[in-house]
Number of protein chains: 2
Amino acid sequence: MGVPFLRSRWVEAPDGVEDLDPAQLAPGFRASGVACGLKAGGATDVGIVACDAPEVRSAMALTANAAAAAPVRLCRDQTDAAGIRAVAVNSGNANASTGEQGMRDAEAMRDAAADALDLEPATVAVGETGVIGVQLDVEALLAGVRDAAGALSETGAADFTTAIMTTDRGPKQCALRAGGVTVSAQAKGAGMIEPGFATMLCFVQTDAVLEDPDAALRGALADSMERITVDGQMSTNDMVVLQASGGSGAPLPDGLLDAILLQLALEIVADGEGATRVGRVEAREARDPDEAERVARAIANSPLVKTALFGRDPNWGRIAQAAGMALAGEELQELGAQDIGTELGSDVPEAELSVALARGDSRAHVYFSDLTYDYVRINAEYTT
Amino acid sequence: MGVPFLRSRWVEAPDGVEDLDPAQLAPGFRASGVACGLKAGGATDVGIVACDAPEVRSAMALTANAAAAAPVRLCRDQTDAAGIRAVAVNSGNANASTGEQGMRDAEAMRDAAADALDLEPATVAVGETGVIGVQLDVEALLAGVRDAAGALSETGAADFTTAIMTTDRGPKQCALRAGGVTVSAQAKGAGMIEPGFATMLCFVQTDAVLEDPDAALRGALADSMERITVDGQMSTNDMVVLQASGGSGAPLPDGLLDAILLQLALEIVADGEGATRVGRVEAREARDPDEAERVARAIANSPLVKTALFGRDPNWGRIAQAAGMALAGEELQELGAQDIGTELGSDVPEAELSVALARGDSRAHVYFSDLTYDYVRINAEYTT
């Protein structure tokens with residue numbers, strides 16, 4: 001398979017992980033991706049992932065954005081998060097800030113998928129991503145959902161991944177086997193990345209037995225999707241769904257879900273709009289974990305630090321400035337070069353930064369992308 | 001004088017304001033700017049403003065950044081803010097994150113100015129701006145301070161303004177006459193602009209009688225320097241000093257100080273690194289002023305909104321997303337096009353945006369710059 005999926009220096013891969021073709025789904029799952037006309041040029045833009053097993057156990061996480069999109073509100077209010085059989089997703093339109101019509105459209109999408117798959121509506125989650133504030137072409141979308149339901153296949157994961165991409169440069173997906181179980185996962189995300197818990201779409205399927213999918217998902221998100229930022233912008237449409245069929249009879253190997261979600265999170269950062277590389281900044285010696293996180297996020301979201309990362313400029317003064325801003329009004333021992341780690345050389349795709357605050361014992365880290373000319377180009381010219 | 005100084009659509013100029021040559025200082029004040037070698041190429045980099053009247057009344061505001069520079073800490077701890085006779089300022093080095101040596105250098109700078117001007121050290125404020133984390137060439141600076149003290153002139157304001165500039169595209173200064181008093185002001189600022197109260201250097205002199213300079217300054221800052229952002233980055237070195245000699249015997253005309261500080265603040269935003277234009281965003285119908293401010297700042301600091309401003313793209317969905325992020329986890333009536341004002345046409349140098357939250361009666365506004373290719377170029381290539 002060439003390069004292994006779990007390849008970041010920051011990801012701890014469990015022993016014995018085998019890469020499968022990422023088009024493949026975990027046993028008991030099928031997926032598809034088709035084109036229905038929401039994206040220009042006939043690109044694939046609607047997809048479904050479905051579990052054949054009625055005894056599926058699942059967990060779901062949704063954006064905390066107060067201007068959440070219709071599909072997020074629908075899932076929050078009407079979906080049985082612990083028993084999701086299928087997920088229907090479109091790109092090309094986020095169905096956000098679309099009012100009552102948008103909510104009716106999200107319901108119609110959900111109902112069309114439930115009908116075509118012969119499932120209860122409460123067991124179907126819907127996700128949407130793309131432009132905000134534009135009404136859906138709902139007839140085209142419903143036809144697409146029906147097409148996608150008819151196209152489900154055990155090797156349809158790559159089509160599904162393509163169907164959920166927007167400004168992504170490439171697919172973010174894997175199928176891994178370890179400890180007698182298989183996990184497949186598909187994600188998208190490049191902009192509006194600053195998680196309340198996760199800022200993107202991400203779908204994970206496994207035939208492992210999960211006693212508490214919600215705890216497993218929350219735990220893995222806390223160290224992955226919750227730790228990344230591209231532009232500090234919490235999306236209106238984020239959704240993560242974990243589905244476990246239990247078909248293998250075996251549990252998930254320790255650390256596998258965490259490793260997969262962290263690798264996918266890092267791929268989202270690496271694909272941050274216009275990004276040329278990824279940084280990891282750790283704030284150490286903070287008074288408490290909240291303070292450590294506040295400092296790490298201030299550094300990760302500083303456009304001065306992000307342009308320094310792009311410019312390969314080991315500019316530790318900007319790190320001191322951002323840390324001081326995060327602690328505005330508080331006592332802080334003056335930060336000098338000895339308190340700040342920078343590894344910004346041009347041959348490091350994954351750069352490590354740190355700051356020691358000399359205030360306590362807590363630490364926190366955040367992964368972030370650099371700020372480049374292409375970020376400006378993409379966002380000055382693209383309508384989200 | 002051509003274009004009047006108080007020219008923004010958002011500035012309410014009092015009646016009868018007359019523009020003077022901005023090289024001129026208010027009566028009773030003198031200023032200078034000389035080169036001492038901190039900036040490359042022999043550029044002017046150290047300057048002094050001094051009041052000849054012992055009965056000067058003054059007020060000072062300093063950055064809240066916890067990693068504040070040595071001159072800021074020195075002014076905070078040792079300067080009599082109400083009785084500042086002179087201000088000595090250098091560019092080319094911020095003397096921030098420079099440890100105990102930096103503090104000794106700031107004291108030496110202050111003492112050299114006090115000596116040369118025959119003033120008590122507590123009546124001399126020092127300001128510095130430029131690169132962070134590099135030790136000063138203090139001997140060069142002290143020689144420069146002495147030169148500047150010898151070069152003071154009633155028409156030295158333009159030289160002083162030049163001496164405090166860093167990445168500024170041009171000088172930000174004025175000399176205005178109204179109601180029998182004169183006010184002169186000099187400011188610098190282009191990057192690291194996100195005030196806790198003020199994020200730049202700004203010096204204001206007047207021969208008006210000010211009963212309460214501190215209240216006058218705080219009030220004017222609240223509606224000017226506190227309302228601007230370029231990159232969301234609170235500086236380590238910000239300082240605003242207001243000095244009033246009282247020599248005219250007349251009070252300041254109502255609104256004049258506010259108008260001057262707002263115009264200077266808008267010039268800082270317009271000169272935001274790489275900026276092509278200025279936006280004003282107002283959050284309306286918030287539950288309380290803090291919430292309104294949080295929403296307005298989230299919109300003003302969103303790189304998606306800032307690139308849309310650059311791209312002349314009336315992309316109201318990004319405004320809804322940023323507002324929803326600021327209110328994450330709270331109930332928010334869905335925002336639609338009718339709730340959001342955008343005026344992003346290509347012929348509007350001062351663009352107005354707004355969002356109505358339908359949560360209450362409070363409002364707040366923030367001025368901000370767009371995010372452009374040149375921002376990335378300046379900050380990837382320049383060492384701050």
# chains A, B, ... in the order shown; residues from 1 in each chain; ligands from 1
call {"tool": "interface_residues", "arguments": {"of": "chain B", "to": "chain A", "cutoff": "7 Å", "atoms": "only C-alpha atoms", "output": "PyMOL selection string"}}
result
chain B and resi 64-67+97-99+132-133+231+233-236+302-304+307-308+310-311+315+317+320-322+324-325+327-332+334-336+371-373+376+379-381+383
call {"tool": "write_last_selection", "arguments": {"atoms": "N, CA and C atoms", "output": "compact mmCIF listing (two decimals), in the first residue's frame"}}
result
# COMPACT_ATOMS: atom_id res chain seq x y z
N ALA B 64 -2.37 45.83 27.84
CA ALA B 64 -2.65 44.85 28.89
C ALA B 64 -1.93 43.53 28.64
N ASN B 65 -1.17 43.43 27.54
CA ASN B 65 -0.48 42.17 27.22
C ASN B 65 0.40 41.73 28.39
N ALA B 66 0.24 40.46 28.79
CA ALA B 66 1.00 39.95 29.94
C ALA B 66 2.48 39.81 29.61
N ALA B 67 2.82 39.82 28.33
CA ALA B 67 4.23 39.82 27.92
C ALA B 67 4.63 41.24 27.51
N SER B 97 10.48 41.10 25.56
CA SER B 97 11.08 39.78 25.79
C SER B 97 12.60 39.89 25.81
N THR B 98 13.10 40.91 26.49
CA THR B 98 14.54 41.15 26.56
C THR B 98 15.07 41.06 27.99
N GLY B 99 14.24 40.60 28.92
CA GLY B 99 14.71 40.27 30.26
C GLY B 99 15.19 41.47 31.07
N ILE B 132 10.69 42.11 18.29
CA ILE B 132 10.58 41.56 19.64
C ILE B 132 11.71 40.56 19.87
N GLY B 133 12.27 40.55 21.08
CA GLY B 133 13.19 39.48 21.45
C GLY B 133 14.63 39.71 21.04
N ASP B 231 -5.29 42.36 12.93
CA ASP B 231 -4.98 40.93 12.93
C ASP B 231 -5.34 40.24 14.23
N GLN B 233 -4.25 40.75 17.08
CA GLN B 233 -3.07 40.51 17.91
C GLN B 233 -2.75 41.71 18.78
N MET B 234 -2.93 41.53 20.10
CA MET B 234 -2.61 42.58 21.05
C MET B 234 -1.10 42.75 21.15
N SER B 235 -0.64 43.96 20.99
CA SER B 235 0.79 44.23 20.97
C SER B 235 1.39 44.19 22.36
N THR B 236 2.70 44.03 22.40
CA THR B 236 3.45 44.06 23.66
C THR B 236 3.84 45.47 24.06
N SER B 302 -12.66 37.36 11.74
CA SER B 302 -12.76 36.16 10.92
C SER B 302 -11.96 36.33 9.63
N PRO B 303 -10.99 35.46 9.38
CA PRO B 303 -10.27 35.57 8.11
C PRO B 303 -11.17 35.33 6.91
N LEU B 304 -12.28 34.63 7.12
CA LEU B 304 -13.22 34.42 6.00
C LEU B 304 -13.93 35.72 5.66
N THR B 307 -11.20 38.13 4.10
CA THR B 307 -10.89 37.85 2.69
C THR B 307 -12.08 38.19 1.80
N ALA B 308 -13.30 38.05 2.32
CA ALA B 308 -14.47 38.46 1.53
C ALA B 308 -14.46 39.98 1.32
N PHE B 310 -11.79 41.78 1.14
CA PHE B 310 -10.76 41.97 0.11
C PHE B 310 -11.31 41.58 -1.27
N GLY B 311 -12.04 40.48 -1.33
CA GLY B 311 -12.55 39.97 -2.61
C GLY B 311 -13.77 40.69 -3.12
N ASN B 315 -20.60 38.28 1.04
CA ASN B 315 -20.82 36.90 1.45
C ASN B 315 -21.40 36.86 2.86
N GLY B 317 -23.18 34.76 4.40
CA GLY B 317 -23.13 33.49 5.13
C GLY B 317 -21.95 33.42 6.07
N ALA B 320 -22.91 35.24 9.24
CA ALA B 320 -23.78 34.40 10.07
C ALA B 320 -22.95 33.35 10.81
N GLN B 321 -22.02 32.74 10.09
CA GLN B 321 -21.17 31.68 10.70
C GLN B 321 -20.36 32.25 11.86
N ALA B 322 -19.75 33.42 11.65
CA ALA B 322 -18.91 34.00 12.70
C ALA B 322 -19.75 34.41 13.90
N GLY B 324 -22.55 33.02 14.81
CA GLY B 324 -22.94 31.77 15.47
C GLY B 324 -21.81 31.19 16.29
N MET B 325 -20.58 31.35 15.80
CA MET B 325 -19.41 30.87 16.55
C MET B 325 -19.26 31.65 17.85
N LEU B 327 -21.50 32.88 19.58
CA LEU B 327 -22.60 32.52 20.48
C LEU B 327 -22.71 31.00 20.62
N ALA B 328 -21.61 30.30 20.39
CA ALA B 328 -21.63 28.83 20.39
C ALA B 328 -22.32 28.28 21.63
N GLY B 329 -23.21 27.34 21.41
CA GLY B 329 -23.90 26.68 22.51
C GLY B 329 -25.13 27.41 22.99
N GLU B 330 -25.38 28.62 22.47
CA GLU B 330 -26.56 29.38 22.91
C GLU B 330 -27.67 29.31 21.86
N GLU B 331 -28.86 29.68 22.28
CA GLU B 331 -29.98 29.72 21.37
C GLU B 331 -29.87 30.96 20.48
N LEU B 332 -30.00 30.78 19.21
CA LEU B 332 -29.95 31.91 18.28
C LEU B 332 -30.97 31.66 17.18
N GLU B 334 -32.37 31.60 13.68
CA GLU B 334 -31.56 31.44 12.48
C GLU B 334 -31.41 32.77 11.75
N LEU B 335 -30.17 33.08 11.37
CA LEU B 335 -29.88 34.33 10.69
C LEU B 335 -30.06 34.16 9.18
N GLY B 336 -30.78 35.08 8.58
CA GLY B 336 -30.95 35.04 7.13
C GLY B 336 -30.46 36.33 6.52
N LEU B 371 -8.05 41.13 4.63
CA LEU B 371 -6.89 40.22 4.67
C LEU B 371 -6.48 39.95 3.23
N THR B 372 -5.25 40.31 2.90
CA THR B 372 -4.83 40.32 1.51
C THR B 372 -3.52 39.54 1.32
N TYR B 373 -3.18 39.37 0.05
CA TYR B 373 -1.89 38.74 -0.27
C TYR B 373 -0.74 39.48 0.41
N VAL B 376 0.13 38.52 3.95
CA VAL B 376 0.97 37.31 4.03
C VAL B 376 2.40 37.65 3.66
N ASN B 379 4.19 39.63 6.44
CA ASN B 379 4.43 38.91 7.69
C ASN B 379 5.20 37.61 7.53
N ALA B 380 5.27 37.10 6.31
CA ALA B 380 6.12 35.93 6.08
C ALA B 380 7.56 36.38 5.85
N GLU B 381 7.73 37.63 5.44
CA GLU B 381 9.07 38.09 5.08
C GLU B 381 9.67 39.05 6.10
N THR B 383 10.48 40.37 9.96
CA THR B 383 10.68 39.87 11.32
C THR B 383 10.20 40.91 12.32
call {"tool": "select_by_dssp", "arguments": {"residues": "region 76-256 of chain A", "states": "strand (DSSP E)", "output": "VMD selection string"}}
result
chain A and resid 86 to 90 124 to 128 172 to 178 181 to 188 201 to 206 228 to 229 239 to 244
call {"tool": "write_last_selection", "arguments": {"atoms": "N, CA and C atoms", "output": "mmCIF file, in the first residue's frame"}}
result
data_model
loop_
_atom_site.group_PDB
_atom_site.id
_atom_site.type_symbol
_atom_site.label_atom_id
_atom_site.label_comp_id
_atom_site.auth_asym_id
_atom_site.auth_seq_id
_atom_site.Cartn_x
_atom_site.Cartn_y
_atom_site.Cartn_z
ATOM 1 N N ALA A 86 -27.859 4.697 8.989
ATOM 2 C CA ALA A 86 -27.333 5.260 7.737
ATOM 3 C C ALA A 86 -27.105 6.758 7.874
ATOM 4 N N VAL A 87 -26.160 7.253 7.067
ATOM 5 C CA VAL A 87 -25.867 8.671 6.994
ATOM 6 C C VAL A 87 -25.939 9.090 5.533
ATOM 7 N N ALA A 88 -26.723 10.127 5.253
ATOM 8 C CA ALA A 88 -26.799 10.676 3.889
ATOM 9 C C ALA A 88 -26.174 12.069 3.911
ATOM 10 N N VAL A 89 -25.297 12.322 2.982
ATOM 11 C CA VAL A 89 -24.513 13.561 3.005
ATOM 12 C C VAL A 89 -24.430 14.161 1.612
ATOM 13 N N ASN A 90 -24.566 15.493 1.538
ATOM 14 C CA ASN A 90 -24.273 16.148 0.256
ATOM 15 C C ASN A 90 -23.237 17.236 0.443
ATOM 16 N N VAL A 124 -31.628 7.620 10.627
ATOM 17 C CA VAL A 124 -30.872 8.175 9.498
ATOM 18 C C VAL A 124 -30.389 9.579 9.863
ATOM 19 N N ALA A 125 -29.084 9.789 9.790
ATOM 20 C CA ALA A 125 -28.507 11.115 10.016
ATOM 21 C C ALA A 125 -28.241 11.772 8.664
ATOM 22 N N VAL A 126 -28.354 13.103 8.620
ATOM 23 C CA VAL A 126 -28.030 13.804 7.379
ATOM 24 C C VAL A 126 -26.958 14.852 7.657
ATOM 25 N N GLY A 127 -26.041 14.978 6.706
ATOM 26 C CA GLY A 127 -24.995 15.988 6.788
ATOM 27 C C GLY A 127 -24.930 16.737 5.476
ATOM 28 N N GLU A 128 -24.604 18.038 5.553
ATOM 29 C CA GLU A 128 -24.497 18.839 4.326
ATOM 30 C C GLU A 128 -23.310 19.788 4.480
ATOM 31 N N LYS A 172 -9.576 12.156 2.280
ATOM 32 C CA LYS A 172 -9.062 11.825 3.612
ATOM 33 C C LYS A 172 -9.825 10.598 4.063
ATOM 34 N N GLN A 173 -9.207 9.456 3.996
ATOM 35 C CA GLN A 173 -9.933 8.210 4.240
ATOM 36 C C GLN A 173 -8.944 7.105 4.557
ATOM 37 N N CYS A 174 -9.470 6.035 5.166
ATOM 38 C CA CYS A 174 -8.639 4.860 5.425
ATOM 39 C C CYS A 174 -9.529 3.648 5.633
ATOM 40 N N ALA A 175 -8.935 2.481 5.462
ATOM 41 C CA ALA A 175 -9.528 1.219 5.912
ATOM 42 C C ALA A 175 -8.374 0.451 6.535
ATOM 43 N N LEU A 176 -8.496 0.167 7.831
ATOM 44 C CA LEU A 176 -7.401 -0.450 8.581
ATOM 45 C C LEU A 176 -7.902 -1.707 9.268
ATOM 46 N N ARG A 177 -6.993 -2.669 9.405
ATOM 47 C CA ARG A 177 -7.340 -3.907 10.100
ATOM 48 C C ARG A 177 -6.317 -4.142 11.206
ATOM 49 N N ALA A 178 -6.841 -4.462 12.403
ATOM 50 C CA ALA A 178 -5.952 -4.731 13.557
ATOM 51 C C ALA A 178 -6.754 -5.468 14.612
ATOM 52 N N VAL A 181 -10.360 -6.778 13.911
ATOM 53 C CA VAL A 181 -11.464 -5.901 13.508
ATOM 54 C C VAL A 181 -10.994 -4.989 12.373
ATOM 55 N N THR A 182 -11.974 -4.434 11.673
ATOM 56 C CA THR A 182 -11.705 -3.483 10.599
ATOM 57 C C THR A 182 -12.342 -2.155 10.958
ATOM 58 N N VAL A 183 -11.639 -1.078 10.646
ATOM 59 C CA VAL A 183 -12.205 0.258 10.807
ATOM 60 C C VAL A 183 -12.034 0.993 9.487
ATOM 61 N N SER A 184 -13.105 1.550 8.967
ATOM 62 C CA SER A 184 -13.016 2.422 7.796
ATOM 63 C C SER A 184 -13.480 3.809 8.213
ATOM 64 N N ALA A 185 -12.910 4.819 7.582
ATOM 65 C CA ALA A 185 -13.245 6.191 7.971
ATOM 66 C C ALA A 185 -13.082 7.108 6.780
ATOM 67 N N GLN A 186 -13.970 8.101 6.703
ATOM 68 C CA GLN A 186 -13.933 9.088 5.637
ATOM 69 C C GLN A 186 -14.150 10.463 6.263
ATOM 70 N N ALA A 187 -13.393 11.449 5.813
ATOM 71 C CA ALA A 187 -13.526 12.796 6.372
ATOM 72 C C ALA A 187 -13.348 13.832 5.284
ATOM 73 N N LYS A 188 -13.865 15.020 5.546
ATOM 74 C CA LYS A 188 -13.596 16.171 4.688
ATOM 75 C C LYS A 188 -13.360 17.381 5.560
ATOM 76 N N LEU A 201 -16.678 17.129 8.449
ATOM 77 C CA LEU A 201 -17.506 15.929 8.421
ATOM 78 C C LEU A 201 -16.570 14.738 8.551
ATOM 79 N N CYS A 202 -16.966 13.755 9.361
ATOM 80 C CA CYS A 202 -16.136 12.567 9.517
ATOM 81 C C CYS A 202 -17.035 11.392 9.864
ATOM 82 N N PHE A 203 -16.835 10.294 9.147
ATOM 83 C CA PHE A 203 -17.669 9.111 9.333
ATOM 84 C C PHE A 203 -16.764 7.907 9.535
ATOM 85 N N VAL A 204 -17.038 7.155 10.587
ATOM 86 C CA VAL A 204 -16.199 6.009 10.946
ATOM 87 C C VAL A 204 -17.087 4.783 11.094
ATOM 88 N N GLN A 205 -16.678 3.694 10.454
ATOM 89 C CA GLN A 205 -17.428 2.440 10.542
ATOM 90 C C GLN A 205 -16.500 1.345 11.041
ATOM 91 N N THR A 206 -17.052 0.447 11.868
ATOM 92 C CA THR A 206 -16.248 -0.692 12.314
ATOM 93 C C THR A 206 -17.147 -1.887 12.596
ATOM 94 N N ILE A 228 -7.449 20.868 16.618
ATOM 95 C CA ILE A 228 -6.941 21.421 15.365
ATOM 96 C C ILE A 228 -7.560 22.773 15.049
ATOM 97 N N THR A 229 -6.814 23.583 14.323
ATOM 98 C CA THR A 229 -7.356 24.831 13.816
ATOM 99 C C THR A 229 -6.708 25.148 12.478
ATOM 100 N N MET A 239 -20.023 17.521 11.749
ATOM 101 C CA MET A 239 -20.669 16.291 12.179
ATOM 102 C C MET A 239 -19.652 15.164 12.149
ATOM 103 N N VAL A 240 -19.637 14.371 13.222
ATOM 104 C CA VAL A 240 -18.850 13.142 13.248
ATOM 105 C C VAL A 240 -19.787 12.017 13.655
ATOM 106 N N VAL A 241 -19.778 10.930 12.903
ATOM 107 C CA VAL A 241 -20.614 9.775 13.232
ATOM 108 C C VAL A 241 -19.726 8.538 13.295
ATOM 109 N N LEU A 242 -19.839 7.809 14.381
ATOM 110 C CA LEU A 242 -19.156 6.521 14.557
ATOM 111 C C LEU A 242 -20.226 5.434 14.589
ATOM 112 N N GLN A 243 -20.069 4.424 13.738
ATOM 113 C CA GLN A 243 -21.022 3.303 13.708
ATOM 114 C C GLN A 243 -20.258 1.997 13.909
ATOM 115 N N ALA A 244 -20.770 1.144 14.798
ATOM 116 C CA ALA A 244 -20.127 -0.145 15.069
ATOM 117 C C ALA A 244 -21.168 -1.251 14.908
#
call {"tool": "residues_around", "arguments": {"residues": "region 284-293 of chain A", "least_positions_apart": "3", "cutoff": "9 Å", "atoms": "only C-alpha atoms", "output": "list of chain:residue names"}}
result
A:Ala296, A:Arg297, A:Ala298, A:Ala326, A:Leu327, A:Ser354, A:Val355, A:Ala356, A:Leu357, A:Ala358, A:Arg359, A:Gly360, A:Asp361, A:Ser362, A:Arg363, A:Ala364, A:His365, A:Val366
call {"tool": "residues_around", "arguments": {"residues": "Leu261 (chain A)", "least_positions_apart": "3", "cutoff": "7 Å", "atoms": "only C-alpha atoms", "output": "list in words"}}
result
Ala220, Leu221, Ser224, Leu257, Asp258, Leu264 and Ala265 of chain A
call {"tool": "select_by_dssp", "arguments": {"residues": "region 256-300 of chain B", "states": "helix (DSSP H, G or I)", "output": "ChimeraX atom specification"}}
result
/B:256-270,289-300
call {"tool": "atom_distance", "arguments": {"atom1": "CA of Leu353 (chain B)", "atom2": "CA of Tyr367 (chain B)"}}
result
10.0 Å
call {"tool": "residues_around", "arguments": {"residues": "Met165 (chain B)", "least_positions_apart": "6", "cutoff": "9 Å", "atoms": "only C-alpha atoms", "output": "count of residues only"}}
result
11
call {"tool": "closest_residue", "arguments": {"among": "B:Ser248, B:Ser369, B:Thr161, B:Thr342", "to": "Gly272 (chain B)", "atoms": "only C-alpha atoms"}}
result
B:Ser369
call {"tool": "closest_residue", "arguments": {"among": "A:Gly37, A:Pro349, A:Gly255, A:Gly279", "to": "Leu141 (chain A)", "atoms": "only C-alpha atoms"}}
result
A:Gly37
call {"tool": "residues_around", "arguments": {"residues": "Ala112 (chain B)", "least_positions_apart": "4", "cutoff": "10 Å", "atoms": "only C-alpha atoms", "output": "VMD selection string"}}
result
chain B and resid 88 106 to 108 116 to 118 121 124 141 to 146 149
call {"tool": "atom_distance", "arguments": {"atom1": "CA of Ala270 (chain B)", "atom2": "CA of Ala300 (chain B)"}}
result
13.8 Å
call {"tool": "closest_residue", "arguments": {"among": "A:Ala114, A:Asp52, A:Pro251, A:Ala148", "to": "Phe29 (chain A)", "atoms": "only C-alpha atoms"}}
result
A:Asp52
